[in-house]
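Novice: Before we start, here is the structure in question, set down as structure tokens.
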Amino acid sequence: MARVNLLLMLAVIATALFLVHTQYQSRQLYTELDRAQQDARRLELDRDRLQVEKRAQATPLRVEKLAKEQLQMRTTSPAITQYVRPDGSVIPAVAPVAPAVPATTGATGAKPAAKPVTAARAPR
């Protein structure tokens, strides 16, 4: 009987130690989970803040201002625009204006001068 009691006492002590160890691990895992959730919340807030900053930095007015000031860019106009064809030839966006030639309709029967032909824009 004494052996059985001793064996049961050892089993109870082993079970109690295992229970204490399991509770300790559970608490450690819970604190680690809580820290991970706090980090996730912090990262989510940082992401939201950075998205707001990104939208503020990419406003069209700010981009245009930086392009003009820092990159010395200017707005486009047909006078400075050129189109490049697939074969490599370049055509201006606006055809150069030919000097006006006075029309003569005298005895020679010459026809009036033709209008200058404007260059077609290259397909996009």
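Each chain in the structure tokens gets a letter, A, B and so on, in the order shown; residues start at 1 in every chain, and ligands are counted from 1 in the order they appear.
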Give me the residues within 6 Å of region 90-93 of chain A as a PDB file with N, CA and C atoms, in the first residue's frame, counting only C-alpha atoms and dropping any in the same chain fewer than 5 places off.

Specialist:
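Contents of the output file selection_27.pdb:
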```pdb
ATOM      1  N   PRO A  78       1.824  73.743 -79.296  1.00  0.00           N
ATOM      2  CA  PRO A  78       2.064  73.204 -80.643  1.00  0.00           C
ATOM      3  C   PRO A  78       3.339  73.745 -81.285  1.00  0.00           C
ATOM      4  N   THR A  81       6.158  71.350 -80.070  1.00  0.00           N
ATOM      5  CA  THR A  81       5.885  69.914 -80.099  1.00  0.00           C
ATOM      6  C   THR A  81       6.268  69.332 -81.446  1.00  0.00           C
ATOM      7  N   GLN A  82       6.897  68.163 -81.408  1.00  0.00           N
ATOM      8  CA  GLN A  82       7.232  67.442 -82.629  1.00  0.00           C
ATOM      9  C   GLN A  82       6.780  66.002 -82.465  1.00  0.00           C
ATOM     10  N   TYR A  83       6.335  65.413 -83.561  1.00  0.00           N
ATOM     11  CA  TYR A  83       5.909  64.024 -83.553  1.00  0.00           C
ATOM     12  C   TYR A  83       6.911  63.197 -84.338  1.00  0.00           C
ATOM     13  N   VAL A  84       7.213  62.024 -83.825  1.00  0.00           N
ATOM     14  CA  VAL A  84       8.161  61.134 -84.480  1.00  0.00           C
ATOM     15  C   VAL A  84       7.376  59.960 -85.062  1.00  0.00           C
TER      16      VAL A  84
END
```

Novice: DSSP on the backbone, helix (DSSP H, G or I) only: what residues of region 2-93 of chain A does that give? Format it as an MDAnalysis selection string.

Specialist: chainID A and resid 2:57 60:69

Novice: Report, in Å to a single decimal, how far apart CA of Val63 (chain A) and CA of Ala79 (chain A) are.

Specialist: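 Calculated distance between CA of Ala79 (chain A) and CA of Val63 (chain A) is 23.4 Å.
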
Novice: Measure the distance from CA of Arg3 (chain A) to CA of Leu19 (chain A) in Å and round it to one decimal.

Specialist: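 Those two atoms sit 24.2 Å apart.
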